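One file, my_file05.pdb, is given below (PDB, C-alpha atoms).
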ATOM      1  CA  MET A   1     102.585  81.036 111.166
ATOM      2  CA  SER A   2     106.064  79.730 110.558
ATOM      3  CA  SER A   3     108.908  81.732 112.090
ATOM      4  CA  SER A   4     110.730  81.744 108.742
ATOM      5  CA  PRO A   5     109.493  82.669 105.274
ATOM      6  CA  SER A   6     109.493  79.327 103.455
ATOM      7  CA  MET A   7     106.294  79.472 101.396
ATOM      8  CA  ALA A   8     106.007  80.006  97.653
ATOM      9  CA  PHE A   9     105.646  83.546  96.308
ATOM     10  CA  SER A  10     104.918  85.232  92.996
ATOM     11  CA  ARG A  11     106.959  87.948  91.320
ATOM     12  CA  ALA A  12     105.557  91.440  90.936
ATOM     13  CA  SER A  13     103.033  92.093  88.170
ATOM     14  CA  PRO A  14     101.015  95.095  86.949
ATOM     15  CA  PRO A  15      97.519  95.463  88.432
ATOM     16  CA  LEU A  16      94.309  94.900  86.505
ATOM     17  CA  PRO A  17      92.281  98.023  85.621
ATOM     18  CA  GLU A  18      89.533  97.164  88.127
ATOM     19  CA  GLU A  19      92.127  96.863  90.895
ATOM     20  CA  GLN A  20      92.893 100.581  90.600
ATOM     21  CA  GLU A  21      89.204 101.248  91.215
ATOM     22  CA  ASP A  22      89.305  99.050  94.326
ATOM     23  CA  TRP A  23      92.553 100.704  95.449
ATOM     24  CA  ASP A  24      91.006 104.178  95.171
ATOM     25  CA  ALA A  25      87.961 103.067  97.160
ATOM     26  CA  VAL A  26      89.898 101.395  99.978
ATOM     27  CA  TYR A  27      92.828 103.851 100.159
ATOM     28  CA  PRO A  28      91.624 107.276  98.928
ATOM     29  CA  ASP A  29      94.263 109.679  97.608
ATOM     30  CA  SER A  30      96.935 106.995  97.720
ATOM     31  CA  GLY A  31      98.146 107.326  94.161
ATOM     32  CA  PHE A  32      98.271 104.958  91.217
ATOM     33  CA  LEU A  33      98.657 101.252  91.894
ATOM     34  CA  LEU A  34     101.800 100.165  90.048
ATOM     35  CA  ARG A  35     102.516  96.638  91.227
ATOM     36  CA  ARG A  36     101.130  93.854  93.360
ATOM     37  CA  GLN A  37     102.437  90.461  94.342
ATOM     38  CA  VAL A  38     102.266  87.724  96.948
ATOM     39  CA  CYS A  39     105.028  87.801  99.527
ATOM     40  CA  MET A  40     105.810  87.270 103.212
ATOM     41  CA  ALA A  41     105.864  90.103 105.746
ATOM     42  CA  SER A  42     106.669  90.606 109.406
ATOM     43  CA  ALA A  43     106.276  93.552 111.762
ATOM     44  CA  GLY A  44     109.869  93.194 112.911
ATOM     45  CA  ASP A  45     109.513  90.006 114.946
ATOM     46  CA  GLU A  46     109.736  86.340 113.978
ATOM     47  CA  GLU A  47     106.035  86.025 113.099
ATOM     48  CA  TRP A  48     105.692  85.912 109.305
ATOM     49  CA  PHE A  49     102.480  86.331 107.316
ATOM     50  CA  LEU A  50     101.665  85.399 103.730
ATOM     51  CA  GLY A  51      99.690  88.067 101.888
ATOM     52  CA  GLY A  52      99.539  90.670  99.143
ATOM     53  CA  LEU A  53     101.972  93.559  98.732
ATOM     54  CA  PHE A  54     100.478  96.546  96.883
ATOM     55  CA  ILE A  55     102.809  99.264  95.606
ATOM     56  CA  SER A  56     101.702 102.689  94.413
ATOM     57  CA  ASP A  57     103.619 105.820  93.490
ATOM     58  CA  VAL A  58     102.689 107.275  96.893
ATOM     59  CA  GLY A  59     103.127 104.308  99.232
ATOM     60  CA  ILE A  60     102.612 100.615  99.927
ATOM     61  CA  VAL A  61     100.241  98.254 101.719
ATOM     62  CA  PHE A  62     100.654  94.695 102.958
ATOM     63  CA  ASP A  63      97.466  92.757 103.652
ATOM     64  CA  THR A  64      96.800  89.077 104.285
ATOM     65  CA  GLY A  65      93.107  89.496 103.604
ATOM     66  CA  GLY A  66      90.361  88.630 106.055
ATOM     67  CA  ASN A  67      90.114  85.310 107.857
ATOM     68  CA  VAL A  68      88.022  83.902 110.704
ATOM     69  CA  ASP A  69      91.326  83.228 112.471
ATOM     70  CA  ASP A  70      92.694  86.653 113.412
ATOM     71  CA  SER A  71      96.026  85.116 114.401
ATOM     72  CA  ILE A  72      96.977  84.687 110.733
ATOM     73  CA  CYS A  73      95.872  88.180 109.684
ATOM     74  CA  PHE A  74      98.103  91.222 109.318
ATOM     75  CA  GLN A  75      97.262  94.570 107.709
ATOM     76  CA  THR A  76      99.665  97.482 107.673
ATOM     77  CA  GLY A  77      97.198 100.081 106.490
ATOM     78  CA  PHE A  78      98.605 102.598 104.030
ATOM     79  CA  LEU A  79     102.340 103.329 104.447
ATOM     80  CA  ALA A  80     103.388 106.472 102.580
ATOM     81  CA  TRP A  81     106.882 106.437 101.093
ATOM     82  CA  THR A  82     107.567 109.641 103.027
ATOM     83  CA  ARG A  83     107.131 107.621 106.241
ATOM     84  CA  VAL A  84     109.835 105.121 105.258
ATOM     85  CA  VAL A  85     112.949 106.706 106.744
ATOM     86  CA  GLU A  86     115.366 103.885 105.990
ATOM     87  CA  LEU A  87     115.537 100.789 103.803
ATOM     88  CA  GLU A  88     117.848  97.918 104.687
ATOM     89  CA  ARG A  89     118.806  94.618 103.081
ATOM     90  CA  PRO A  90     120.105  92.709 106.104
ATOM     91  CA  GLY A  91     120.680  89.149 104.960
ATOM     92  CA  PRO A  92     119.014  87.061 102.247
ATOM     93  CA  LYS A  93     119.074  88.830  98.881
ATOM     94  CA  THR A  94     115.288  88.679  98.600
ATOM     95  CA  GLU A  95     114.649  90.190 102.035
ATOM     96  CA  MET A  96     114.296  93.876 102.868
ATOM     97  CA  VAL A  97     113.409  95.962 105.916
ATOM     98  CA  LEU A  98     111.482  99.237 105.740
ATOM     99  CA  LYS A  99     112.114 101.418 108.797
ATOM    100  CA  LEU A 100     109.166 103.681 109.617
ATOM    101  CA  SER A 101     109.166 107.129 111.177
ATOM    102  CA  SER A 102     108.707 107.155 114.941
ATOM    103  CA  GLY A 103     105.126 106.998 116.214
ATOM    104  CA  PHE A 104     103.611 106.480 112.767
ATOM    105  CA  LYS A 105     102.412 102.926 113.457
ATOM    106  CA  ASN A 106     102.356 100.547 116.393
ATOM    107  CA  PHE A 107     105.266  98.767 114.702
ATOM    108  CA  SER A 108     108.546 100.416 113.770
ATOM    109  CA  GLU A 109     109.527  98.358 110.749
ATOM    110  CA  LEU A 110     108.125  96.157 108.020
ATOM    111  CA  ARG A 111     110.184  93.181 106.908
ATOM    112  CA  LEU A 112     109.450  91.746 103.470
ATOM    113  CA  GLN A 113     110.514  88.477 101.877
ATOM    114  CA  LEU A 114     109.995  88.680  98.104
ATOM    115  CA  SER A 115     110.325  86.116  95.337
ATOM    116  CA  ILE A 116     113.291  87.393  93.312
ATOM    117  CA  VAL A 117     116.111  89.881  93.731
ATOM    118  CA  ASP A 118     114.859  92.059  90.846
ATOM    119  CA  ASP A 119     111.670  92.877  92.772
ATOM    120  CA  VAL A 120     113.667  93.894  95.840
ATOM    121  CA  GLU A 121     115.945  96.092  93.768
ATOM    122  CA  TRP A 122     112.973  97.739  92.017
ATOM    123  CA  ILE A 123     111.418  98.721  95.342
ATOM    124  CA  GLU A 124     114.781  99.905  96.701
ATOM    125  CA  GLU A 125     115.471 102.088  93.666
ATOM    126  CA  PHE A 126     111.973 103.517  93.668
ATOM    127  CA  TRP A 127     112.228 104.364  97.382
ATOM    128  CA  LYS A 128     115.554 106.114  96.716
ATOM    129  CA  LEU A 129     113.956 108.057  93.888
ATOM    130  CA  ARG A 130     111.043 109.109  96.090
ATOM    131  CA  THR A 131     113.252 110.244  98.958
ATOM    132  CA  SER A 132     115.645 112.115  96.667
ATOM    133  CA  PHE A 133     112.910 114.138  94.958
ATOM    134  CA  GLY A 134     110.689 114.628  97.994
ATOM    135  CA  PRO A 135     107.142 116.053  97.667
ATOM    136  CA  SER A 136     107.874 117.517  94.226
ATOM    137  CA  VAL A 137     107.638 114.052  92.671
ATOM    138  CA  ASP A 138     104.230 113.206  94.142
ATOM    139  CA  ASN A 139     102.415 113.531  90.836
ATOM    140  CA  MET A 140     104.973 111.697  88.715
ATOM    141  CA  ILE A 141     104.158 108.122  87.762
ATOM    142  CA  PRO A 142     107.062 105.734  87.057
ATOM    143  CA  ASP A 143     107.027 103.264  84.189
ATOM    144  CA  GLU A 144     106.376  99.650  85.140
ATOM    145  CA  LYS A 145     109.903  98.509  84.296
ATOM    146  CA  GLU A 146     112.844  97.086  86.190
ATOM    147  CA  SER A 147     114.734 100.376  85.727
ATOM    148  CA  ILE A 148     113.012 103.408  87.204
ATOM    149  CA  GLN A 149     112.191 106.260  84.823
ATOM    150  CA  LEU A 150     110.320 109.498  85.352
ATOM    151  CA  PRO A 151     107.713 110.254  82.694
ATOM    152  CA  LEU A 152     105.779 113.480  82.346
ATOM    153  CA  LYS A 153     103.467 114.528  85.161
ATOM    154  CA  THR A 154     100.481 114.055  82.876
ATOM    155  CA  SER A 155     101.342 110.401  82.271
ATOM    156  CA  ARG A 156      99.259 107.572  83.649
ATOM    157  CA  PRO A 157      99.866 103.829  83.419
ATOM    158  CA  ARG A 158      98.243 102.710  80.169
ATOM    159  CA  LEU A 159      96.823  99.635  81.855
ATOM    160  CA  LEU A 160      94.605 101.924  83.940
ATOM    161  CA  MET A 161      93.011 103.527  80.908
ATOM    162  CA  ASN A 162      90.418 102.544  78.361
ATOM    163  CA  GLY A 163      88.911 104.558  75.494
ATOM    164  CA  GLY A 164      88.210 107.866  77.226
ATOM    165  CA  GLY A 165      90.699 107.254  80.033
ATOM    166  CA  GLN A 166      88.120 106.179  82.614
ATOM    167  CA  SER A 167      88.028 102.937  84.578
ATOM    168  CA  PRO A 168      85.199 100.668  83.439
ATOM    169  CA  THR A 169      82.122 100.714  85.647
ATOM    170  CA  VAL A 170      81.403  97.329  87.188
ATOM    171  CA  SER A 171      78.004  96.477  88.636
ATOM    172  CA  PRO A 172      77.840  95.342  92.293
ATOM    173  CA  HIS A 173      76.425  91.970  91.189
ATOM    174  CA  LYS A 174      79.303  91.411  88.766
ATOM    175  CA  ARG A 175      81.825  92.399  91.442
ATOM    176  CA  GLN A 176      80.300  89.914  93.897
ATOM    177  CA  GLU A 177      80.519  87.181  91.270
ATOM    178  CA  SER A 178      84.110  88.197  90.536
ATOM    179  CA  ILE A 179      85.247  87.797  94.128
ATOM    180  CA  LYS A 180      83.730  84.315  94.220
ATOM    181  CA  ARG A 181      85.662  83.280  91.121
ATOM    182  CA  THR A 182      88.950  85.068  91.829
ATOM    183  CA  PRO A 183      89.329  86.276  95.414
ATOM    184  CA  SER A 184      90.924  89.730  95.578
ATOM    185  CA  ILE A 185      92.206  91.246  98.803
ATOM    186  CA  LEU A 186      91.437  94.784  97.650
ATOM    187  CA  LEU A 187      87.949  93.840  96.511
ATOM    188  CA  GLN A 188      87.369  91.979  99.762
ATOM    189  CA  ARG A 189      88.337  95.055 101.747
ATOM    190  CA  ARG A 190      86.216  97.281  99.543
ATOM    191  CA  LEU A 191      83.112  95.141 100.012
ATOM    192  CA  SER A 192      83.604  94.565 103.735
ATOM    193  CA  GLY A 193      84.882  98.041 104.617
ATOM    194  CA  CYS A 194      87.268  96.349 107.048
ATOM    195  CA  VAL A 195      90.669  98.012 106.922
ATOM    196  CA  SER A 196      93.029  98.465 109.843
ATOM    197  CA  GLY A 197      95.409 101.351 110.254
ATOM    198  CA  GLN A 198      94.775 105.048 109.927
ATOM    199  CA  LEU A 199      93.869 105.797 106.337
ATOM    200  CA  LYS A 200      93.589 109.051 104.476
ATOM    201  CA  THR A 201      90.070 110.458 104.525
ATOM    202  CA  PRO A 202      88.822 112.279 101.425
ATOM    203  CA  ALA A 203      88.156 115.959 102.039
ATOM    204  CA  VAL A 204      84.465 116.754 102.456
ATOM    205  CA  ALA A 205      83.227 120.150 101.385
ATOM    206  CA  THR A 206      81.594 122.101 104.206
ATOM    207  CA  PRO A 207      78.216 123.563 103.207
ATOM    208  CA  ALA A 208      78.192 127.328 103.206
ATOM    209  CA  THR A 209      76.199 128.831 106.047
ATOM    210  CA  GLY A 210      74.101 131.910 105.724
ATOM    211  CA  GLY A 211      75.589 135.038 107.154
TER     212      GLY A 211
END
Starting from the file, lay out its structure as structure tokens.
Amino acid sequence: MSSSPSMAFSRASPPLPEEQEDWDAVYPDSGFLLRRQVCMASAGDEEWFLGGLFISDVGIVFDTGGNVDDSICFQTGFLAWTRVVELERPGPKTEMVLKLSSGFKNFSELRLQLSIVDDVEWIEEFWKLRTSFGPSVDNMIPDEKESIQLPLKTSRPRLLMNGGGQSPTVSPHKRQESIKRTPSILLQRRLSGCVSGQLKTPAVATPATGG
């Protein structure tokens, strides 16, 4: 890849309802998906990758998607906001650096090159909000707006809800057809089961044993 981020990006946009379903399947217990966009990322060196940035109320993920050429692939795995110990804006207005807690990953920082300054500022303000409130804000979902607001704990993004508040069920055949028409990184990962990085594992109930 190029040593400088010079490719075209897209600004952040709300996810589709089915993307929340894919997000839950690939990254269990990782909150509500709030935003996703195309951007450039680097693990702190001069090697930049073009891929998708996924932002939830609990953390973020950068993923280029799968490719036969591993040299152009980069997956961060799930990065909880609580693991981001510092956020810097070193140079270009659309660039930011997320410093990670020691030993959390095999890279110590994630550099992002976004499309517009507003997207950088949204992430920066949301990170500040998360760090200022700590664990007590885990169940609060922010509005999808440029200014960060804290709604009630019972709130959920409206785009994730239909009629009874459940995500629509999509048949495997329809999902396969969907990925052919509109490739989705999350759907690709869900179907392939190929995700790097240590992810949260859903708790499994232990069967009671007879005494």
Practice task
Name the residues in contact with A:Val97 at a cut-off of 8 Å, using all atoms listed in the file, excluding same-chain residues fewer than 4 positions from it; report them as a list in words.
Solution key: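 Residues meeting the cut-off are Leu87, Glu88, Arg89, Pro90, Glu109, Leu110, Arg111 and Leu112 of chain A.
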Keeping C-alpha atoms for every residue in the selection just given, could you write it to a file as a PDB file, keeping the file's coordinate frame?
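Result file is part.pdb:
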ATOM      1  CA  LEU A  87     115.537 100.789 103.803  1.00  0.00           C
ATOM      2  CA  GLU A  88     117.848  97.918 104.687  1.00  0.00           C
ATOM      3  CA  ARG A  89     118.806  94.618 103.081  1.00  0.00           C
ATOM      4  CA  PRO A  90     120.105  92.709 106.104  1.00  0.00           C
ATOM      5  CA  GLU A 109     109.527  98.358 110.749  1.00  0.00           C
ATOM      6  CA  LEU A 110     108.125  96.157 108.020  1.00  0.00           C
ATOM      7  CA  ARG A 111     110.184  93.181 106.908  1.00  0.00           C
ATOM      8  CA  LEU A 112     109.450  91.746 103.470  1.00  0.00           C
TER       9      LEU A 112
END
Practice task
Kindly indicate which residue among A:Pro17, A:Gly52, A:Gly44, A:Gly65 lies nearest to A:Arg190, using all atoms listed in the file for the distances.
Solution key: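 Between A:Pro17, A:Gly52, A:Gly44, A:Gly65, the residue approaching A:Arg190 most closely is A:Gly65.
Counting all atoms listed in the file, the residue from A:Lys105, A:Arg189, A:Arg36, A:Arg11 that sits nearest to A:Thr76 is A:Lys105.
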Exercise for the section: Considering all atoms listed in the file, return as a ChimeraX atom specification whatever protein or nucleic-acid residues lie within 12 Å of A:Phe107, sequence-local ones (same chain, fewer than 4 positions apart) excluded. Expected result: /A:42-45,74-77,79,98-103,111,197
Exercise for the section: With the file shown as input, list the residues that the PyMOL selection byres ((chain A and resi 92-95) around 6) selects, as a PyMOL selection string. Expected result: chain A and resi 91+96+112-114+116-117
Practice task
Name all residues at most 8 Å from A:Val58 (count only C-alpha atoms; drop same-chain ones fewer than 2 positions away) and give them as a list in words.
Solution key: Ser30, Gly31, Phe32, Ser56, Ile60, Ala80, Trp81 and Asp138 of chain A
Any chance you can output those residues with C-alpha atoms as a PDB file, in the coordinates of the input?
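File selection18.pdb, as written:
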ATOM      1  CA  SER A  30      96.935 106.995  97.720  1.00  0.00           C
ATOM      2  CA  GLY A  31      98.146 107.326  94.161  1.00  0.00           C
ATOM      3  CA  PHE A  32      98.271 104.958  91.217  1.00  0.00           C
ATOM      4  CA  SER A  56     101.702 102.689  94.413  1.00  0.00           C
ATOM      5  CA  ILE A  60     102.612 100.615  99.927  1.00  0.00           C
ATOM      6  CA  ALA A  80     103.388 106.472 102.580  1.00  0.00           C
ATOM      7  CA  TRP A  81     106.882 106.437 101.093  1.00  0.00           C
ATOM      8  CA  ASP A 138     104.230 113.206  94.142  1.00  0.00           C
TER       9      ASP A 138
END
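The coordinates place atom CA of A:Leu33 at 8.2 Å from atom CA of A:Pro14.
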Fill in the blank from the handout: From the list A:Ser108, A:Ser115, A:Thr131, A:Gln20, the nearest residue to A:Met40 using only C-alpha atoms is A:Ser115
Problem - Given all atoms listed in the file as the counted atoms, nearest of A:Ala41, A:Thr82, A:Gly59, A:Phe49 to A:Asp29 - result: A:Gly59
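In this model, the gap between atom CA of A:Ala25 and atom CA of A:Thr64 comes to 18.0 Å.
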Handout entry: Two-atom distance - atom CA of A:Glu18, atom CA of A:Ile185 (Å)
Key =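 Atom-to-atom, atom CA of A:Glu18 to atom CA of A:Ile185, that is 12.5 Å.
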Practice task
Taking the file as shown, find all residues satisfying the PyMOL selection byres ((chain A and resi 72) around 10) and write them as a list in words.
Solution key: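 Selected by the PyMOL selection byres ((chain A and resi 72) around 10) here: Met1, Glu47, Trp48, Phe49, Leu50, Gly51, Thr64, Gly65, Gly66, Asn67, Val68, Asp69, Asp70, Ser71, Cys73 and Phe74 of chain A.
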Kindly list the centre and edge lengths in Å, rounded to one decimal, for the axis-aligned box that covers all listed atoms of stretch 47-65 of chain A plus 5 Å on each of its six sides, as JSON.
{"center_x": 99.6, "center_y": 96.3, "center_z": 103.3, "size_x": 22.9, "size_y": 31.9, "size_z": 29.6}
Applied to the shown file, which residues does the PyMOL selection byres ((chain A and resi 186) around 8) return, written as a CSV table (one decimal) with C-alpha atoms, in the frame of the given file?
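Done, and the output landed in result.csv:
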chain,number,residue,atom,x,y,z
A,19,GLU,CA,92.1,96.9,90.9
A,22,ASP,CA,89.3,99.0,94.3
A,23,TRP,CA,92.6,100.7,95.4
A,26,VAL,CA,89.9,101.4,100.0
A,184,SER,CA,90.9,89.7,95.6
A,185,ILE,CA,92.2,91.2,98.8
A,187,LEU,CA,87.9,93.8,96.5
A,188,GLN,CA,87.4,92.0,99.8
A,189,ARG,CA,88.3,95.1,101.7
A,190,ARG,CA,86.2,97.3,99.5
